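Asks: Have a look at this one.
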Amino acid sequence: MPYISKAKREATSWLTRLDLIKHVQEATGYNETETYKQISEAIEDRELPVVWGDLLESFWKKGGSGFAIQIVDKPPRNPQFWRQGPFDPSDPQKGQFDPDDPDRVFVGWNFDSFDPDVREPEPRFRKPMFWRDQVLQFWPQRAATARDETKAIEILTSRLKANENLTFANALDMCREEIPGLSERGFRERVWRKARLAAGLPEKGKAGRPKASQ
């Protein structure tokens with residue numbers, strides 16, 4: 001069973017910018033403009049927690065978990081900031097996200113600290129992360145259908161054939177990457193059991209994550 005780092009486990013509680021946009025659009029059917037409006041207003045009202053990804057990783061390495069409420073270096077709340085399109089170096093006031101990595105947003109310029117006039121400054125980008133639980137509260141995920149569960153069974157069956165020691169918790173995480181609306185109850189009562197049987201395994205398997213070795 002491969003070890004899953006704490007950073008990867010904690011990251012499942014957060015969404016990237018693209019994940020957030022995709023989720024809101026799938027949950028509401030809104031177009032891009034209305035989606036940006038919804039997100040920006042939630043951020044402005046302090047209803048949607050946002051934290052820089054690099055600070056989250058530092059927080060996790062220090063033993064933190066959940067929402068990093070003590071981190072003070074927070075992304076801007078200005079709604080206009082979250083409604084802009086791709087960053088344009090020639091007009092940085094009219095662009096916000098990195099065209100090479102849309103999960104990152106423009107936050108300033110990197111100047112040569114020894115001689116600022118030697119070269120042109122380079123744009124600096126950072127990756128905002130959005131608290132998943134709050135996102136689900138405002139924009140509930142569409143419930144998984146029978147077809148979704150059938151797809152989850154197929155996905156999980158192949159994973160279990162490759163690794164029969166896959167735990168329930170890790171299997172649920174894997175399936176939710178493909179089918180976000182999959183409920184834990186539906187997964188437990190139908191997907192987990194049927195996939196294990198299809199993979200030639202007993203109905204019940206390990207429930208939780210493997211304990212750290214002493």
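Residue numbering restarts at 1 in every chain; chains get A, B, ... in the order shown in the structure tokens, and ligands count up from 1 in that same order.
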Please provide the set of residues having any atom within 6 Å of Pro121 in chain A, restricted to only C-alpha atoms, with same-chain residues fewer than 2 positions apart removed, written as a list of chain:residue names.

Replies: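 So, after excluding close chain neighbours, the residues are A:Trp109, A:Asn110, A:Phe111.
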
Asks: Write out as an MDAnalysis selection string the residues lying within 12 Å of range 165-177 of chain A, counting only C-alpha atoms and excluding same-chain residues fewer than 2 positions away.

Replies: chainID A and resid 1:4 8:13 15 19 23 141 143:144 148:163 179:189 191:193 195:196 199 201:211

Asks: Identify, on the basis of only C-alpha atoms, every residue whose closest approach to Pro75 in chain A does not exceed 12 Å; exclude the query and any residue fewer than 2 positions from it along the same chain; express the result as a ChimeraX atom specification.

Replies: /A:40,43-44,46,48-55,71-73,77-79,81-82,104-107,125-130

Asks: Record the distance separating CA of Asp88 in chain A and CA of Glu57 in chain A, expressed in Å with one decimal.

Replies: 28.2 Å

Asks: Rounded to one decimal, what separation in Å do you get between CA of Val135 in chain A and CA of Trp14 in chain A?

Replies: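 Distance between the two atoms: 9.3 Å.
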
Asks: Considering only strand (DSSP E or B) as DSSP defines it on the backbone, what residues of range 1-213 of chain A qualify? List them as number ranges by chain.

Replies: A: 14-15, 50-52, 85-86, 95-98, 101-110, 122-126, 128-131

Asks: State, in Å with one decimal place, the distance from CA of Thr16 in chain A to CA of Gly95 in chain A.

Replies: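 That distance, rounded to one decimal, is 18.3 Å.
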
Asks: I want to know what sits within 12 Å of Pro89 in chain A, based on only C-alpha atoms, with residues of the same chain fewer than 4 positions away left out; could you give that as a PDB file with N, CA and C atoms, in the first residue's frame?

Replies:
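Written output follows (selection13.pdb):
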ATOM      1  N   GLN A  93      -3.521  45.419 -14.942  1.00  0.00           N
ATOM      2  CA  GLN A  93      -4.727  45.778 -14.215  1.00  0.00           C
ATOM      3  C   GLN A  93      -5.975  45.107 -14.796  1.00  0.00           C
ATOM      4  N   LYS A  94      -5.845  44.543 -16.000  1.00  0.00           N
ATOM      5  CA  LYS A  94      -7.002  43.938 -16.645  1.00  0.00           C
ATOM      6  C   LYS A  94      -6.906  42.415 -16.739  1.00  0.00           C
ATOM      7  N   GLY A  95      -6.016  41.840 -16.005  1.00  0.00           N
ATOM      8  CA  GLY A  95      -5.876  40.388 -16.007  1.00  0.00           C
ATOM      9  C   GLY A  95      -5.482  39.901 -14.637  1.00  0.00           C
ATOM     10  N   GLN A  96      -5.817  38.659 -14.339  1.00  0.00           N
ATOM     11  CA  GLN A  96      -5.584  38.183 -12.990  1.00  0.00           C
ATOM     12  C   GLN A  96      -4.978  36.790 -12.927  1.00  0.00           C
ATOM     13  N   PHE A  97      -5.453  35.807 -13.734  1.00  0.00           N
ATOM     14  CA  PHE A  97      -4.895  34.473 -13.566  1.00  0.00           C
ATOM     15  C   PHE A  97      -3.800  34.177 -14.585  1.00  0.00           C
ATOM     16  N   ASP A  98      -2.905  33.295 -14.183  1.00  0.00           N
ATOM     17  CA  ASP A  98      -1.747  32.922 -14.988  1.00  0.00           C
ATOM     18  C   ASP A  98      -2.208  32.094 -16.185  1.00  0.00           C
ATOM     19  N   PRO A  99      -1.985  32.547 -17.427  1.00  0.00           N
ATOM     20  CA  PRO A  99      -2.434  31.779 -18.598  1.00  0.00           C
ATOM     21  C   PRO A  99      -1.742  30.422 -18.708  1.00  0.00           C
ATOM     22  N   PHE A 106      -2.172  36.513 -10.315  1.00  0.00           N
ATOM     23  CA  PHE A 106      -1.128  37.532 -10.284  1.00  0.00           C
ATOM     24  C   PHE A 106      -1.195  38.320  -8.974  1.00  0.00           C
ATOM     25  N   GLY A 108       1.858  40.398  -8.011  1.00  0.00           N
ATOM     26  CA  GLY A 108       2.851  41.476  -8.017  1.00  0.00           C
ATOM     27  C   GLY A 108       4.008  41.159  -8.950  1.00  0.00           C
ATOM     28  N   TRP A 109       5.079  41.957  -8.821  1.00  0.00           N
ATOM     29  CA  TRP A 109       6.241  41.809  -9.697  1.00  0.00           C
ATOM     30  C   TRP A 109       7.469  41.414  -8.901  1.00  0.00           C
ATOM     31  N   GLU A 120      13.835  43.479 -16.969  1.00  0.00           N
ATOM     32  CA  GLU A 120      12.418  43.716 -16.749  1.00  0.00           C
ATOM     33  C   GLU A 120      11.928  42.845 -15.591  1.00  0.00           C
ATOM     34  N   PRO A 121      11.084  43.383 -14.715  1.00  0.00           N
ATOM     35  CA  PRO A 121      10.556  42.555 -13.632  1.00  0.00           C
ATOM     36  C   PRO A 121       9.662  41.445 -14.170  1.00  0.00           C
ATOM     37  N   GLU A 122       9.625  40.324 -13.469  1.00  0.00           N
ATOM     38  CA  GLU A 122       8.795  39.198 -13.874  1.00  0.00           C
ATOM     39  C   GLU A 122       7.538  39.139 -13.011  1.00  0.00           C
ATOM     40  N   PRO A 123       6.419  38.770 -13.601  1.00  0.00           N
ATOM     41  CA  PRO A 123       5.184  38.676 -12.808  1.00  0.00           C
ATOM     42  C   PRO A 123       5.293  37.561 -11.771  1.00  0.00           C
ATOM     43  N   ARG A 124       4.695  37.799 -10.619  1.00  0.00           N
ATOM     44  CA  ARG A 124       4.697  36.807  -9.543  1.00  0.00           C
ATOM     45  C   ARG A 124       3.269  36.300  -9.332  1.00  0.00           C
TER      46      ARG A 124
END

Asks: With a distance cut-off of 9 Å and only C-alpha atoms, select the neighbouring residues of Lys61 in chain A, excluding the residue or stretch itself and same-chain residues fewer than 4 positions from it, and output the selection as a PyMOL selection string.

Replies: chain A and resi 6-7+56-57

Asks: How would the residues just chosen look if you wrote them out with all heavy atoms as an mmCIF file, in the first residue's frame?

Replies:
data_model
loop_
_atom_site.group_PDB
_atom_site.id
_atom_site.type_symbol
_atom_site.label_atom_id
_atom_site.label_comp_id
_atom_site.auth_asym_id
_atom_site.auth_seq_id
_atom_site.Cartn_x
_atom_site.Cartn_y
_atom_site.Cartn_z
ATOM 1 N N LYS A 6 0.835 13.542 4.289
ATOM 2 C CA LYS A 6 -0.145 14.350 4.998
ATOM 3 C C LYS A 6 -0.620 15.501 4.120
ATOM 4 O O LYS A 6 -1.804 15.850 4.129
ATOM 5 C CB LYS A 6 0.451 14.905 6.286
ATOM 6 C CG LYS A 6 -0.536 15.752 7.068
ATOM 7 C CD LYS A 6 0.027 16.233 8.382
ATOM 8 C CE LYS A 6 -1.023 17.040 9.133
ATOM 9 N NZ LYS A 6 -0.553 17.533 10.429
ATOM 10 N N ALA A 7 0.312 16.099 3.361
ATOM 11 C CA ALA A 7 -0.065 17.216 2.495
ATOM 12 C C ALA A 7 -1.133 16.792 1.496
ATOM 13 O O ALA A 7 -2.098 17.523 1.246
ATOM 14 C CB ALA A 7 1.160 17.756 1.769
ATOM 15 N N LEU A 56 -0.416 27.102 3.115
ATOM 16 C CA LEU A 56 -1.082 25.889 3.579
ATOM 17 C C LEU A 56 -0.081 24.746 3.717
ATOM 18 O O LEU A 56 -0.096 24.007 4.704
ATOM 19 C CB LEU A 56 -2.173 25.487 2.589
ATOM 20 C CG LEU A 56 -3.601 25.984 2.861
ATOM 21 C CD1 LEU A 56 -4.544 25.439 1.796
ATOM 22 C CD2 LEU A 56 -4.076 25.587 4.235
ATOM 23 N N GLU A 57 0.785 24.591 2.728
ATOM 24 C CA GLU A 57 1.766 23.518 2.775
ATOM 25 C C GLU A 57 2.697 23.686 3.967
ATOM 26 O O GLU A 57 3.047 22.710 4.644
ATOM 27 C CB GLU A 57 2.560 23.481 1.471
ATOM 28 C CG GLU A 57 1.727 23.037 0.274
ATOM 29 C CD GLU A 57 2.531 22.987 -1.008
ATOM 30 O OE1 GLU A 57 3.764 23.180 -0.928
ATOM 31 O OE2 GLU A 57 1.942 22.741 -2.069
#

Asks: Could you pull out the alpha helix (DSSP H) residues of range 86-192 of chain A, going by DSSP on the backbone, and write them as a PyMOL selection string?

Replies: chain A and resi 132-138+146-162+168-178+184-186+192

Asks: Just the selected residues (C-alpha atoms), exported as a compact mmCIF listing (two decimals), in the first residue's frame, please.

Replies:
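The resulting file, out_36.txt, is reproduced below:
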# COMPACT_ATOMS: atom_id res chain seq x y z
CA ARG A 132 -14.21 22.60 0.36
CA ASP A 133 -16.78 22.31 3.18
CA GLN A 134 -17.89 25.92 2.73
CA VAL A 135 -18.08 25.51 -1.04
CA LEU A 136 -20.38 22.51 -0.59
CA GLN A 137 -22.55 24.49 1.81
CA PHE A 138 -23.26 27.25 -0.71
CA ALA A 146 -27.10 5.06 -10.52
CA ARG A 147 -24.97 5.52 -13.63
CA ASP A 148 -22.36 7.37 -11.56
CA GLU A 149 -22.27 4.52 -9.04
CA THR A 150 -21.86 1.99 -11.85
CA LYS A 151 -18.89 4.00 -13.13
CA ALA A 152 -17.45 4.13 -9.60
CA ILE A 153 -17.77 0.34 -9.30
CA GLU A 154 -15.85 -0.10 -12.57
CA ILE A 155 -13.12 2.32 -11.45
CA LEU A 156 -12.78 0.76 -8.03
CA THR A 157 -12.81 -2.81 -9.31
CA SER A 158 -9.71 -2.15 -11.42
CA ARG A 159 -8.01 -0.38 -8.49
CA LEU A 160 -8.75 -3.27 -6.14
CA LYS A 161 -7.40 -5.81 -8.61
CA ALA A 162 -4.17 -3.83 -8.65
CA PHE A 168 -12.25 2.18 2.33
CA ALA A 169 -11.15 5.77 3.02
CA ASN A 170 -8.57 5.85 0.24
CA ALA A 171 -10.93 4.13 -2.18
CA LEU A 172 -13.62 6.73 -1.48
CA ASP A 173 -11.13 9.56 -2.09
CA MET A 174 -10.07 8.01 -5.41
CA CYS A 175 -13.64 7.59 -6.64
CA ARG A 176 -14.62 11.11 -5.61
CA GLU A 177 -11.82 12.48 -7.77
CA GLU A 178 -13.78 11.14 -10.75
CA GLU A 184 -20.29 8.02 1.53
CA ARG A 185 -23.43 6.04 2.31
CA GLY A 186 -23.99 5.01 -1.31
CA TRP A 192 -17.49 -0.66 -2.09

Asks: Identify which of the residues A:Thr28, A:Lys74, A:Ser5, A:Pro86 lies closest to Pro140 in chain A, counting only C-alpha atoms when measuring atom-to-atom distances.

Replies: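 Among the listed residues, A:Thr28 lies closest to Pro140 in chain A.
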